[in-house]
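Printed here is structure_14.tsv (TSV, C-alpha atoms):
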```tsv
chain	number	residue	atom	x	y	z
U	1	MET	CA	-66.10	-108.36	61.96
U	2	HIS	CA	-65.89	-109.31	58.30
U	3	SER	CA	-68.89	-107.14	57.37
U	4	VAL	CA	-67.50	-104.10	59.18
U	5	VAL	CA	-64.14	-104.41	57.43
U	6	SER	CA	-65.86	-104.89	54.06
U	7	ARG	CA	-67.96	-101.75	54.53
U	8	SER	CA	-64.87	-99.79	55.54
U	9	LEU	CA	-62.96	-101.00	52.50
U	10	LYS	CA	-65.89	-100.14	50.25
U	11	VAL	CA	-66.07	-96.58	51.63
U	12	PHE	CA	-62.31	-96.17	51.21
U	13	THR	CA	-62.34	-97.51	47.62
U	14	THR	CA	-65.26	-95.26	46.60
U	15	THR	CA	-63.60	-92.20	48.12
U	16	LEU	CA	-60.31	-92.96	46.39
U	17	ALA	CA	-61.96	-93.44	42.99
U	18	ALA	CA	-63.96	-90.22	43.29
U	19	ALA	CA	-60.91	-88.24	44.31
U	20	LEU	CA	-58.83	-89.59	41.43
U	21	LEU	CA	-61.60	-88.86	38.93
U	22	ALA	CA	-62.10	-85.32	40.22
U	23	LEU	CA	-58.40	-84.55	40.06
U	24	SER	CA	-57.62	-86.16	36.72
U	25	THR	CA	-60.64	-85.15	34.64
U	26	PRO	CA	-59.81	-81.40	34.26
U	27	ALA	CA	-56.28	-82.25	33.12
U	28	LEU	CA	-57.56	-84.67	30.49
U	29	ALA	CA	-60.08	-82.14	29.23
U	30	ALA	CA	-57.43	-79.44	28.93
U	31	ALA	CA	-55.01	-81.72	27.11
U	32	ALA	CA	-57.48	-82.96	24.51
U	33	PRO	CA	-59.98	-80.31	23.40
U	34	PRO	CA	-62.86	-81.71	21.29
U	35	GLN	CA	-61.85	-80.98	17.70
U	36	THR	CA	-62.85	-83.98	15.64
U	37	ALA	CA	-66.59	-83.23	15.49
U	38	CYS	CA	-66.23	-79.95	13.57
U	39	ALA	CA	-66.85	-79.92	9.84
U	40	ASN	CA	-63.73	-79.69	7.63
U	41	ARG	CA	-61.43	-80.15	10.60
U	42	GLN	CA	-58.90	-82.02	8.46
U	43	ALA	CA	-59.52	-80.92	4.88
U	44	PRO	CA	-61.57	-78.46	2.80
U	45	PRO	CA	-64.81	-79.62	1.14
U	46	PRO	CA	-64.37	-81.74	-2.00
U	47	PRO	CA	-63.50	-79.74	-5.14
U	48	VAL	CA	-66.31	-78.92	-7.54
U	49	ASP	CA	-64.18	-79.33	-10.68
U	50	THR	CA	-60.90	-80.87	-11.85
U	51	SER	CA	-58.68	-77.99	-10.72
U	52	GLU	CA	-57.13	-80.08	-7.95
U	53	LYS	CA	-56.35	-83.11	-10.09
U	54	PRO	CA	-52.64	-83.85	-9.64
U	55	ALA	CA	-50.22	-83.91	-12.55
U	56	PRO	CA	-49.44	-87.33	-14.03
U	57	GLY	CA	-47.22	-89.32	-11.71
U	58	ARG	CA	-48.08	-87.22	-8.67
U	59	GLN	CA	-50.37	-87.96	-5.74
U	60	VAL	CA	-52.76	-85.70	-3.88
U	61	PRO	CA	-50.96	-84.80	-0.64
U	62	ALA	CA	-52.46	-86.19	2.56
U	63	PRO	CA	-54.28	-83.61	4.71
U	64	LEU	CA	-52.11	-81.67	7.11
U	65	ALA	CA	-52.02	-83.02	10.65
U	66	VAL	CA	-54.44	-81.41	13.10
U	67	PRO	CA	-52.47	-80.17	16.13
U	68	ALA	CA	-53.63	-81.63	19.44
U	69	VAL	CA	-53.44	-78.15	20.97
U	70	PRO	CA	-55.27	-75.56	18.84
U	71	ALA	CA	-53.28	-72.49	17.87
U	72	GLY	CA	-54.77	-69.39	19.42
U	73	GLY	CA	-56.17	-70.92	22.59
U	74	PRO	CA	-58.71	-73.62	23.55
U	75	ARG	CA	-61.77	-71.77	22.23
U	76	MET	CA	-60.28	-71.75	18.75
U	77	ALA	CA	-61.07	-75.48	18.59
U	78	GLU	CA	-64.79	-74.83	18.99
U	79	CYS	CA	-67.27	-75.22	16.14
U	80	GLY	CA	-69.76	-72.59	15.05
U	81	LEU	CA	-69.85	-69.08	16.48
U	82	ILE	CA	-67.28	-68.18	19.12
U	83	THR	CA	-68.19	-64.95	20.89
U	84	PRO	CA	-67.50	-63.38	24.30
U	85	ALA	CA	-69.91	-64.21	27.12
U	86	ASN	CA	-72.98	-61.98	27.27
U	87	SER	CA	-71.92	-60.17	24.10
U	88	LEU	CA	-73.84	-58.75	21.17
U	89	ASN	CA	-74.89	-61.18	18.46
U	90	PRO	CA	-73.00	-61.07	15.14
U	91	PRO	CA	-74.78	-59.29	12.28
U	92	ASP	CA	-77.28	-61.20	10.16
U	93	GLY	CA	-76.67	-61.99	6.50
U	94	ASN	CA	-73.09	-63.24	6.79
U	95	THR	CA	-72.50	-66.09	4.35
U	96	ALA	CA	-68.91	-67.07	5.23
U	97	ALA	CA	-68.35	-70.66	6.29
U	98	SER	CA	-65.55	-69.38	8.55
U	99	TRP	CA	-64.52	-65.92	9.71
U	100	LEU	CA	-62.38	-64.23	12.35
U	101	LEU	CA	-62.13	-60.74	13.84
U	102	GLN	CA	-58.86	-59.69	15.44
U	103	ASP	CA	-57.22	-56.70	17.06
U	104	LEU	CA	-54.47	-55.98	14.56
U	105	ASP	CA	-52.16	-54.54	17.22
U	106	THR	CA	-52.50	-57.00	20.12
U	107	GLY	CA	-53.54	-60.06	18.10
U	108	ALA	CA	-56.53	-60.64	20.41
U	109	VAL	CA	-59.27	-62.65	18.68
U	110	ILE	CA	-62.49	-60.69	19.25
U	111	ALA	CA	-64.92	-63.22	17.77
U	112	ALA	CA	-64.84	-66.02	15.22
U	113	LYS	CA	-66.72	-68.78	13.45
U	114	ASP	CA	-65.04	-72.16	12.85
U	115	PRO	CA	-61.59	-70.50	12.87
U	116	HIS	CA	-59.59	-73.71	12.31
U	117	ALA	CA	-61.90	-75.32	9.77
U	118	ARG	CA	-59.82	-76.18	6.72
U	119	GLN	CA	-60.81	-74.06	3.71
U	120	ARG	CA	-59.15	-72.78	0.54
U	121	PRO	CA	-57.51	-69.33	0.40
U	122	ALA	CA	-57.93	-68.37	-3.27
U	123	SER	CA	-55.91	-65.18	-3.86
U	124	LEU	CA	-55.46	-64.48	-0.17
U	125	ILE	CA	-52.47	-66.84	-0.44
U	126	LYS	CA	-50.78	-64.03	-2.39
U	127	ASN	CA	-50.21	-62.36	0.99
U	128	LEU	CA	-47.96	-65.29	1.85
U	129	LEU	CA	-46.16	-65.02	-1.51
U	130	ALA	CA	-45.62	-61.32	-0.84
U	131	LEU	CA	-44.01	-62.13	2.53
U	132	VAL	CA	-41.51	-64.44	0.82
U	133	ALA	CA	-40.77	-61.83	-1.86
U	134	LEU	CA	-40.24	-59.09	0.74
U	135	ASP	CA	-37.86	-61.38	2.60
U	136	GLU	CA	-35.78	-62.52	-0.40
U	137	LEU	CA	-36.03	-59.82	-3.09
U	138	LYS	CA	-35.16	-56.13	-3.10
U	139	PRO	CA	-37.95	-53.69	-4.03
U	140	GLU	CA	-35.85	-52.09	-6.78
U	141	GLN	CA	-34.80	-55.43	-8.31
U	142	VAL	CA	-35.83	-55.64	-11.98
U	143	ILE	CA	-37.66	-58.69	-13.29
U	144	VAL	CA	-38.19	-59.26	-17.02
U	145	ALA	CA	-41.63	-60.77	-17.65
U	146	SER	CA	-41.72	-63.94	-19.72
U	147	GLN	CA	-44.31	-65.11	-22.22
U	148	GLU	CA	-45.43	-67.67	-19.64
U	149	ASP	CA	-45.94	-64.88	-17.08
U	150	ALA	CA	-48.07	-62.91	-19.53
U	151	GLU	CA	-50.21	-65.94	-20.44
U	152	GLN	CA	-51.28	-66.99	-16.94
U	153	GLU	CA	-54.92	-67.82	-16.23
U	154	CYS	CA	-56.40	-64.49	-15.25
U	155	THR	CA	-57.29	-62.37	-13.20
U	156	CYS	CA	-54.20	-60.56	-14.63
U	157	VAL	CA	-52.73	-57.14	-14.17
U	158	GLY	CA	-51.50	-56.88	-17.77
U	159	LEU	CA	-47.80	-57.77	-17.83
U	160	VAL	CA	-46.20	-57.67	-21.27
U	161	ALA	CA	-43.67	-60.35	-22.27
U	162	GLY	CA	-40.25	-58.72	-22.30
U	163	GLY	CA	-41.42	-55.89	-20.07
U	164	ARG	CA	-39.12	-54.81	-17.27
U	165	TYR	CA	-40.78	-54.43	-13.85
U	166	THR	CA	-39.40	-53.85	-10.39
U	167	VAL	CA	-40.36	-56.10	-7.51
U	168	ASP	CA	-42.20	-53.15	-5.97
U	169	GLN	CA	-44.27	-52.69	-9.13
U	170	LEU	CA	-45.08	-56.40	-9.27
U	171	LEU	CA	-46.15	-56.37	-5.62
U	172	HIS	CA	-48.61	-53.59	-6.42
U	173	GLY	CA	-50.03	-55.66	-9.26
U	174	LEU	CA	-50.05	-58.75	-7.04
U	175	LEU	CA	-51.83	-57.28	-4.02
U	176	MET	CA	-53.91	-54.44	-5.44
U	177	HIS	CA	-55.39	-56.21	-8.44
U	178	SER	CA	-54.59	-59.86	-7.59
U	179	GLY	CA	-52.61	-60.34	-10.79
U	180	ASN	CA	-51.83	-64.00	-11.46
U	181	ASP	CA	-49.31	-62.86	-14.05
U	182	ALA	CA	-47.55	-60.81	-11.38
U	183	ALA	CA	-47.65	-63.83	-9.04
U	184	HIS	CA	-45.99	-66.01	-11.68
U	185	ALA	CA	-43.30	-63.41	-12.37
U	186	VAL	CA	-42.51	-63.09	-8.66
U	187	ALA	CA	-42.50	-66.88	-8.27
U	188	THR	CA	-40.05	-67.20	-11.19
U	189	ALA	CA	-37.73	-64.71	-9.51
U	190	LEU	CA	-37.89	-66.88	-6.37
U	191	GLY	CA	-36.64	-69.92	-8.29
U	192	GLY	CA	-39.75	-71.00	-10.18
U	193	PRO	CA	-43.33	-71.83	-9.14
U	194	ASP	CA	-42.43	-75.07	-7.33
U	195	ALA	CA	-39.60	-73.42	-5.41
U	196	ALA	CA	-41.80	-70.44	-4.56
U	197	VAL	CA	-44.57	-72.72	-3.24
U	198	ALA	CA	-42.02	-74.59	-1.11
U	199	LYS	CA	-40.78	-71.28	0.31
U	200	MET	CA	-44.35	-70.15	0.97
U	201	ASN	CA	-45.07	-73.34	2.89
U	202	ALA	CA	-41.82	-73.04	4.84
U	203	THR	CA	-42.79	-69.48	5.82
U	204	ALA	CA	-46.28	-70.63	6.84
U	205	ALA	CA	-44.78	-73.32	9.08
U	206	LYS	CA	-42.23	-70.89	10.50
U	207	ILE	CA	-44.80	-68.37	11.66
U	208	GLY	CA	-47.28	-71.00	12.85
U	209	ALA	CA	-49.89	-71.20	10.10
U	210	LEU	CA	-50.30	-74.94	10.59
U	211	ASP	CA	-53.56	-75.29	8.64
U	212	THR	CA	-51.94	-73.80	5.53
U	213	ARG	CA	-50.50	-75.53	2.52
U	214	ALA	CA	-50.04	-73.51	-0.67
U	215	ALA	CA	-50.36	-75.49	-3.90
U	216	THR	CA	-49.87	-72.59	-6.33
U	217	PRO	CA	-48.21	-69.17	-5.96
U	218	SER	CA	-51.35	-67.34	-7.10
U	219	GLY	CA	-54.06	-69.10	-5.10
U	220	LEU	CA	-55.51	-70.93	-8.07
U	221	ASP	CA	-56.75	-74.24	-6.71
U	222	GLY	CA	-54.33	-77.15	-6.71
U	223	PRO	CA	-53.83	-80.53	-5.02
U	224	GLY	CA	-53.59	-80.23	-1.24
U	225	MET	CA	-54.43	-76.51	-1.06
U	226	SER	CA	-55.51	-75.70	2.49
U	227	THR	CA	-55.79	-72.88	5.01
U	228	SER	CA	-58.15	-71.55	7.69
U	229	ALA	CA	-59.61	-68.26	8.84
U	230	TYR	CA	-57.20	-68.35	11.78
U	231	ASP	CA	-54.16	-68.89	9.56
U	232	LEU	CA	-55.14	-66.18	7.08
U	233	SER	CA	-55.62	-63.82	10.03
U	234	LEU	CA	-52.18	-64.74	11.37
U	235	ILE	CA	-50.53	-64.23	7.96
U	236	PHE	CA	-52.25	-60.85	7.51
U	237	HIS	CA	-51.33	-59.77	11.06
U	238	TYR	CA	-47.70	-60.64	10.34
U	239	ALA	CA	-47.77	-59.01	6.89
U	240	MET	CA	-49.22	-55.73	8.16
U	241	LYS	CA	-46.13	-55.34	10.35
U	242	GLN	CA	-44.08	-55.10	7.13
U	243	PRO	CA	-44.14	-51.42	6.03
U	244	GLU	CA	-43.91	-52.22	2.31
U	245	PHE	CA	-46.87	-54.62	2.47
U	246	ALA	CA	-49.02	-52.18	4.48
U	247	LYS	CA	-48.19	-49.40	2.00
U	248	VAL	CA	-49.14	-51.46	-1.05
U	249	VAL	CA	-52.52	-52.72	0.23
U	250	ALA	CA	-53.45	-49.15	1.18
U	251	THR	CA	-52.72	-47.87	-2.34
U	252	LYS	CA	-55.83	-47.02	-4.33
U	253	ASN	CA	-54.28	-46.21	-7.75
U	254	PHE	CA	-50.99	-47.26	-9.32
U	255	GLU	CA	-49.44	-47.49	-12.77
U	256	LEU	CA	-47.22	-50.12	-14.35
U	257	PRO	CA	-44.69	-48.78	-16.86
U	258	ALA	CA	-45.11	-48.94	-20.63
U	259	ALA	CA	-43.63	-52.06	-22.20
U	260	GLY	CA	-43.46	-53.75	-25.60
U	261	GLY	CA	-44.86	-50.75	-27.37
U	262	LYS	CA	-47.92	-50.73	-25.13
U	263	PRO	CA	-48.87	-47.74	-22.94
U	264	PRO	CA	-48.59	-47.68	-19.14
U	265	VAL	CA	-51.11	-49.94	-17.39
U	266	PRO	CA	-53.31	-48.38	-14.68
U	267	VAL	CA	-53.80	-50.59	-11.62
U	268	LEU	CA	-56.86	-50.05	-9.45
U	269	ASN	CA	-57.23	-51.58	-6.00
U	270	ASP	CA	-60.06	-54.12	-6.20
U	271	ASN	CA	-60.85	-53.91	-2.47
U	272	LYS	CA	-64.07	-51.88	-2.61
U	273	LEU	CA	-63.93	-50.77	1.03
U	274	LEU	CA	-60.78	-48.72	0.42
U	275	GLY	CA	-61.79	-45.06	0.43
U	276	VAL	CA	-65.36	-46.00	1.38
U	277	TYR	CA	-65.25	-47.55	4.85
U	278	PRO	CA	-64.04	-44.97	7.41
U	279	GLY	CA	-60.46	-45.61	8.47
U	280	PHE	CA	-59.97	-48.51	6.05
U	281	LEU	CA	-56.33	-49.65	5.93
U	282	GLY	CA	-56.40	-52.12	3.05
U	283	GLY	CA	-56.76	-55.83	2.51
U	284	LYS	CA	-57.14	-58.50	-0.16
U	285	THR	CA	-59.88	-60.27	-2.07
U	286	GLY	CA	-60.02	-63.70	-3.69
U	287	PHE	CA	-62.21	-66.11	-5.59
U	288	THR	CA	-62.07	-69.55	-7.21
U	289	ASN	CA	-64.82	-72.04	-7.94
U	290	ASP	CA	-63.62	-74.32	-5.14
U	291	ALA	CA	-62.69	-71.65	-2.58
U	292	ARG	CA	-65.65	-69.39	-3.34
U	293	HIS	CA	-65.15	-65.81	-2.13
U	294	THR	CA	-62.40	-65.02	0.37
U	295	TYR	CA	-61.67	-61.67	1.95
U	296	VAL	CA	-59.38	-59.87	4.39
U	297	GLY	CA	-59.56	-56.20	5.34
U	298	ALA	CA	-58.57	-53.90	8.19
U	299	ALA	CA	-59.70	-50.54	9.52
U	300	GLU	CA	-58.81	-48.11	12.30
U	301	ARG	CA	-61.27	-46.35	14.61
U	302	LYS	CA	-60.49	-44.38	17.78
U	303	GLY	CA	-56.95	-45.73	17.85
U	304	LYS	CA	-58.07	-49.36	17.46
U	305	ARG	CA	-57.02	-51.34	14.39
U	306	LEU	CA	-59.20	-54.36	13.64
U	307	ALA	CA	-59.04	-56.89	10.82
U	308	VAL	CA	-61.57	-59.38	9.49
U	309	VAL	CA	-61.04	-62.54	7.45
U	310	MET	CA	-63.86	-64.35	5.66
U	311	VAL	CA	-63.57	-67.61	3.73
U	312	ARG	CA	-66.01	-69.57	1.58
U	313	ALA	CA	-68.46	-66.71	1.35
U	314	GLU	CA	-71.09	-65.84	-1.26
U	315	GLN	CA	-72.05	-62.52	-2.88
U	316	LYS	CA	-75.75	-62.94	-2.03
U	317	PRO	CA	-77.87	-61.70	-0.34
U	318	THR	CA	-75.33	-58.85	-0.03
U	319	LYS	CA	-71.82	-58.34	-1.42
U	320	VAL	CA	-68.99	-59.90	0.53
U	321	VAL	CA	-67.36	-56.50	1.14
U	322	ASP	CA	-70.60	-55.27	2.71
U	323	GLN	CA	-70.71	-58.36	4.92
U	324	ALA	CA	-67.11	-57.65	5.91
U	325	ALA	CA	-67.98	-54.03	6.76
U	326	LYS	CA	-70.75	-55.23	9.11
U	327	LEU	CA	-68.34	-57.61	10.81
U	328	LEU	CA	-65.86	-54.77	11.31
U	329	ASP	CA	-68.66	-52.67	12.81
U	330	TYR	CA	-69.48	-55.59	15.09
U	331	GLY	CA	-65.84	-55.92	16.14
U	332	PHE	CA	-65.57	-52.23	16.98
U	333	ALA	CA	-68.80	-52.49	19.02
U	334	LEU	CA	-67.37	-55.40	21.03
U	335	GLU	CA	-64.18	-53.43	21.61
U	336	GLU	CA	-66.26	-50.47	22.79
U	337	ASP	CA	-67.95	-52.80	25.28
U	338	ARG	CA	-64.54	-54.12	26.36
U	339	ALA	CA	-65.57	-57.69	25.66
U	340	GLU	CA	-63.14	-60.40	26.72
U	341	PRO	CA	-61.10	-61.87	23.83
U	342	VAL	CA	-61.91	-65.43	22.80
U	343	GLY	CA	-58.39	-66.26	21.59
U	344	GLN	CA	-55.04	-64.89	20.54
U	345	ILE	CA	-53.23	-64.66	17.22
U	346	ALA	CA	-49.74	-65.91	18.04
U	347	TYR	CA	-46.78	-66.60	15.78
U	348	ARG	CA	-45.05	-69.84	16.60
U	349	ALA	CA	-42.03	-71.61	15.26
U	350	PRO	CA	-42.97	-75.31	15.43
U	351	ALA	CA	-41.05	-77.04	18.22
U	352	ALA	CA	-41.96	-80.72	18.03
U	353	THR	CA	-42.56	-82.58	21.26
U	354	ALA	CA	-40.85	-85.93	21.66
U	355	GLU	CA	-44.11	-87.91	21.77
U	356	SER	CA	-46.50	-86.32	19.30
U	357	GLY	CA	-44.56	-83.91	17.08
U	358	ASP	CA	-47.16	-81.26	17.89
U	359	PRO	CA	-45.99	-77.65	18.22
U	360	SER	CA	-46.07	-76.50	21.81
U	361	VAL	CA	-44.04	-73.32	22.04
U	362	LEU	CA	-45.76	-70.10	21.01
U	363	SER	CA	-44.25	-66.73	20.19
U	364	ASP	CA	-46.18	-63.53	19.57
U	365	GLY	CA	-43.59	-62.19	17.16
U	366	THR	CA	-42.27	-59.63	19.65
U	367	GLY	CA	-39.86	-61.91	21.45
U	368	ASN	CA	-42.39	-62.96	24.06
U	369	SER	CA	-43.22	-66.60	24.33
U	370	GLY	CA	-46.29	-68.31	25.66
U	371	THR	CA	-47.75	-71.79	25.82
U	372	SER	CA	-50.88	-73.69	25.15
U	373	SER	CA	-53.51	-73.84	27.87
U	374	ALA	CA	-52.39	-77.31	28.87
U	375	ALA	CA	-48.74	-76.27	29.01
U	376	SER	CA	-49.65	-73.15	30.96
U	377	ALA	CA	-51.41	-75.25	33.55
U	378	SER	CA	-48.27	-77.30	34.08
U	379	LYS	CA	-46.16	-74.14	34.36
U	380	GLU	CA	-48.44	-72.68	37.02
U	381	ASP	CA	-48.23	-75.94	39.03
U	382	PRO	CA	-44.56	-76.99	39.16
U	383	PHE	CA	-45.44	-80.08	41.23
U	384	GLY	CA	-47.63	-81.29	38.39
U	385	VAL	CA	-50.97	-83.07	38.28
U	386	THR	CA	-49.29	-86.49	38.42
U	387	GLY	CA	-47.44	-85.54	41.61
U	388	TRP	CA	-50.64	-84.46	43.32
U	389	ILE	CA	-52.40	-87.68	42.31
U	390	ILE	CA	-49.58	-89.83	43.73
U	391	THR	CA	-49.58	-87.83	46.98
U	392	LEU	CA	-53.36	-88.20	47.30
U	393	VAL	CA	-53.19	-91.96	46.68
U	394	VAL	CA	-50.52	-92.43	49.37
U	395	PHE	CA	-52.49	-90.26	51.81
U	396	LEU	CA	-55.71	-92.19	51.24
U	397	ILE	CA	-53.93	-95.53	51.60
U	398	ILE	CA	-52.56	-94.43	54.99
U	399	VAL	CA	-55.97	-93.17	56.08
U	400	GLY	CA	-57.53	-96.38	54.79
U	401	GLY	CA	-55.13	-98.43	56.88
U	402	PHE	CA	-56.17	-96.58	60.00
U	403	VAL	CA	-59.87	-97.00	59.14
U	404	VAL	CA	-59.56	-100.75	58.54
U	405	GLY	CA	-57.42	-101.26	61.66
U	406	HIS	CA	-59.90	-99.34	63.77
U	407	ALA	CA	-62.78	-101.35	62.33
U	408	ARG	CA	-61.06	-104.66	63.13
U	409	LYS	CA	-60.28	-103.54	66.67
U	410	LYS	CA	-63.88	-102.43	67.23
U	411	ALA	CA	-65.24	-105.68	65.84
U	412	ALA	CA	-62.93	-107.72	68.09
U	413	ASN	CA	-64.29	-105.91	71.13
```
File written out as structure tokens:
Amino acid sequence: MHSVVSRSLKVFTTTLAAALLALSTPALAAAAPPQTACANRQAPPPPVDTSEKPAPGRQVPAPLAVPAVPAGGPRMAECGLITPANSLNPPDGNTAASWLLQDLDTGAVIAAKDPHARQRPASLIKNLLALVALDELKPEQVIVASQEDAEQECTCVGLVAGGRYTVDQLLHGLLMHSGNDAAHAVATALGGPDAAVAKMNATAAKIGALDTRAATPSGLDGPGMSTSAYDLSLIFHYAMKQPEFAKVVATKNFELPAAGGKPPVPVLNDNKLLGVYPGFLGGKTGFTNDARHTYVGAAERKGKRLAVVMVRAEQKPTKVVDQAAKLLDYGFALEEDRAEPVGQIAYRAPAATAESGDPSVLSDGTGNSGTSSAASASKEDPFGVTGWIITLVVFLIIVGGFVVGHARKKAAN
């Protein structure tokens, strides 16, 4: 009798363990996507010079926390290329360490490479500064340029100390020609460089750019500077909904007024795809020694508006703008094939959970809210995974009791 009961208990125990493992494993996988193995998951590569050395008495900020649930969907936590199933291969010759293609209207991520890897933005952070300026300053507001503004480390647009410029004019110099002097003047109007950086970081957190920490208003490298291809795509998506921003980045030629006895200053848009790539809507370029080349640009074709972001790219074997053009072509080809999106650009105001402090509530910027994949799973199943596990355990215990009782009765006979 003892051997029969033992075999019955062994069968019951094995069945219970297998059932619990089968039920619990998918939930664990959904709650904790593998993120730690990707390069630069927490911080950009080490700086190549002393540009990120903190000022005396200050410390280098610790890397930003990596959210347990990746913004944009579970595939955004993947390393390497992220493309739709059975899709075309991305074009050869792309040098960017990270990139992302998005539908500028729906926010659907069409394809990407290491979208949440931490990189440096260079002058693409000026898009974030422009958002703060558009929110707090009036376009017609006049700002008098200081000597400090005029003496910023260039690229500069050519501000003259004592010159009077409107916010609108400074935004053209900021976004069209990436003027660090214009960035400093705007930052001063926002309360000074430190205050402007704090406001930029508050805006980044508000809209859900959780990989992003500005260290300077202009994008010059500084301690703790951080972003990602996903975040820069989110910031650009948000910015292109602002009519003033979209107008400025689409401007090919502009002129700053005469000042200090000097003639008017012509401003040319340094985005070389403007007026060259069919349907090009504008964008932004950037470069520092640590960030290398960064780029964002958008174009419209057959009613579709796509945008590409590239970070840590190189000008060889082909120019970065030409690499970006090929990625846009690739994105339009995937859209033509109706490829399934691999993620979603979503604005989110961080709502900390009680346990982890990780943001969980997403908003697409139109009033609609969504959730992470793990949260969605719990919404679709009100009873919850834990409830089903408990029910299964109770059921198997009852069945096990019958099995053992029957075995004892049979052995007694």
Among listed residues U:Lys247, U:Arg301, U:Arg58, U:Arg213, nearest Asp231 in chain U (using only C-alpha atoms):
U:Arg213
Using only C-alpha atoms, which residues of range 154-273 of chain U come within 9 Å of range 315-333 of chain U, and what is the closest atom pair for each, with the distance in Å to one decimal? Give it as JSON lines, sorted by chain and residue number.
```
{"residue": "U:Asn271", "atom": "CA", "partner": "U:Val321", "partner_atom": "CA", "distance": 7.9}
{"residue": "U:Lys272", "atom": "CA", "partner": "U:Val321", "partner_atom": "CA", "distance": 6.8}
{"residue": "U:Leu273", "atom": "CA", "partner": "U:Val321", "partner_atom": "CA", "distance": 6.7}
```
Considering only C-alpha atoms, can you say which of U:Pro121, U:Pro193, U:Gly208, U:Pro278 comes closest to Ala229 in chain U?
U:Pro121
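Nearest residue to Gly224 in chain U, choosing from U:Ala182, U:Leu306, U:Val197, U:Leu268 and counting only C-alpha atoms: U:Val197.
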Could you tell me how far CA of Ser87 in chain U lies from CA of Ala313 in chain U, in Å and to one decimal?
23.9 Å
Tell me, as a PDB file with C-alpha atoms, in the coordinates of the input, which residues lie within 6 Å of range 161-176 of chain U, counting all atoms listed in the file; anything in the same chain fewer than 6 positions away does not count.
```pdb
ATOM      1  CA  PRO U 139     -37.950 -53.690  -4.030  1.00  0.00           C
ATOM      2  CA  GLU U 140     -35.850 -52.090  -6.780  1.00  0.00           C
ATOM      3  CA  GLN U 141     -34.800 -55.430  -8.310  1.00  0.00           C
ATOM      4  CA  VAL U 142     -35.830 -55.640 -11.980  1.00  0.00           C
ATOM      5  CA  ILE U 143     -37.660 -58.690 -13.290  1.00  0.00           C
ATOM      6  CA  VAL U 144     -38.190 -59.260 -17.020  1.00  0.00           C
ATOM      7  CA  ALA U 145     -41.630 -60.770 -17.650  1.00  0.00           C
ATOM      8  CA  SER U 146     -41.720 -63.940 -19.720  1.00  0.00           C
ATOM      9  CA  GLN U 147     -44.310 -65.110 -22.220  1.00  0.00           C
ATOM     10  CA  ALA U 150     -48.070 -62.910 -19.530  1.00  0.00           C
ATOM     11  CA  ALA U 182     -47.550 -60.810 -11.380  1.00  0.00           C
ATOM     12  CA  ALA U 183     -47.650 -63.830  -9.040  1.00  0.00           C
ATOM     13  CA  VAL U 248     -49.140 -51.460  -1.050  1.00  0.00           C
ATOM     14  CA  ALA U 259     -43.630 -52.060 -22.200  1.00  0.00           C
ATOM     15  CA  ASN U 269     -57.230 -51.580  -6.000  1.00  0.00           C
TER      16      ASN U 269
END
```
Please list as a ChimeraX atom specification every residue within 10 Å of Ile125 in chain U, counting only C-alpha atoms and excluding residues in the same chain fewer than 3 positions away.
/U:120-122,128-130,200,212-220,225-227,232,235-236,284,286
Please dump the current selection as a PDB file, keeping the file's coordinate frame; keep C-alpha atoms.
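Saved the output as selection07.pdb:
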```
ATOM      1  CA  ARG U 120     -59.150 -72.780   0.540  1.00  0.00           C
ATOM      2  CA  PRO U 121     -57.510 -69.330   0.400  1.00  0.00           C
ATOM      3  CA  ALA U 122     -57.930 -68.370  -3.270  1.00  0.00           C
ATOM      4  CA  LEU U 128     -47.960 -65.290   1.850  1.00  0.00           C
ATOM      5  CA  LEU U 129     -46.160 -65.020  -1.510  1.00  0.00           C
ATOM      6  CA  ALA U 130     -45.620 -61.320  -0.840  1.00  0.00           C
ATOM      7  CA  MET U 200     -44.350 -70.150   0.970  1.00  0.00           C
ATOM      8  CA  THR U 212     -51.940 -73.800   5.530  1.00  0.00           C
ATOM      9  CA  ARG U 213     -50.500 -75.530   2.520  1.00  0.00           C
ATOM     10  CA  ALA U 214     -50.040 -73.510  -0.670  1.00  0.00           C
ATOM     11  CA  ALA U 215     -50.360 -75.490  -3.900  1.00  0.00           C
ATOM     12  CA  THR U 216     -49.870 -72.590  -6.330  1.00  0.00           C
ATOM     13  CA  PRO U 217     -48.210 -69.170  -5.960  1.00  0.00           C
ATOM     14  CA  SER U 218     -51.350 -67.340  -7.100  1.00  0.00           C
ATOM     15  CA  GLY U 219     -54.060 -69.100  -5.100  1.00  0.00           C
ATOM     16  CA  LEU U 220     -55.510 -70.930  -8.070  1.00  0.00           C
ATOM     17  CA  MET U 225     -54.430 -76.510  -1.060  1.00  0.00           C
ATOM     18  CA  SER U 226     -55.510 -75.700   2.490  1.00  0.00           C
ATOM     19  CA  THR U 227     -55.790 -72.880   5.010  1.00  0.00           C
ATOM     20  CA  LEU U 232     -55.140 -66.180   7.080  1.00  0.00           C
ATOM     21  CA  ILE U 235     -50.530 -64.230   7.960  1.00  0.00           C
ATOM     22  CA  PHE U 236     -52.250 -60.850   7.510  1.00  0.00           C
ATOM     23  CA  LYS U 284     -57.140 -58.500  -0.160  1.00  0.00           C
ATOM     24  CA  GLY U 286     -60.020 -63.700  -3.690  1.00  0.00           C
TER      25      GLY U 286
END
```
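Shell of Lys113 in chain U at 8 Å, with only C-alpha atoms counted and residues fewer than 5 places along the chain excluded, is Cys79, Gly80, Leu81, Ile82, Ala97, Ser98, Trp99 and Leu100 of chain U.
Residues having any atom no farther than 8 Å from (-49.1, -56.1, -18.1) (counting only C-alpha atoms) are U:Ala150, U:Cys156, U:Val157, U:Gly158, U:Leu159, U:Val160, U:Gly163, U:Asp181, U:Leu256, U:Ala259, U:Val265.
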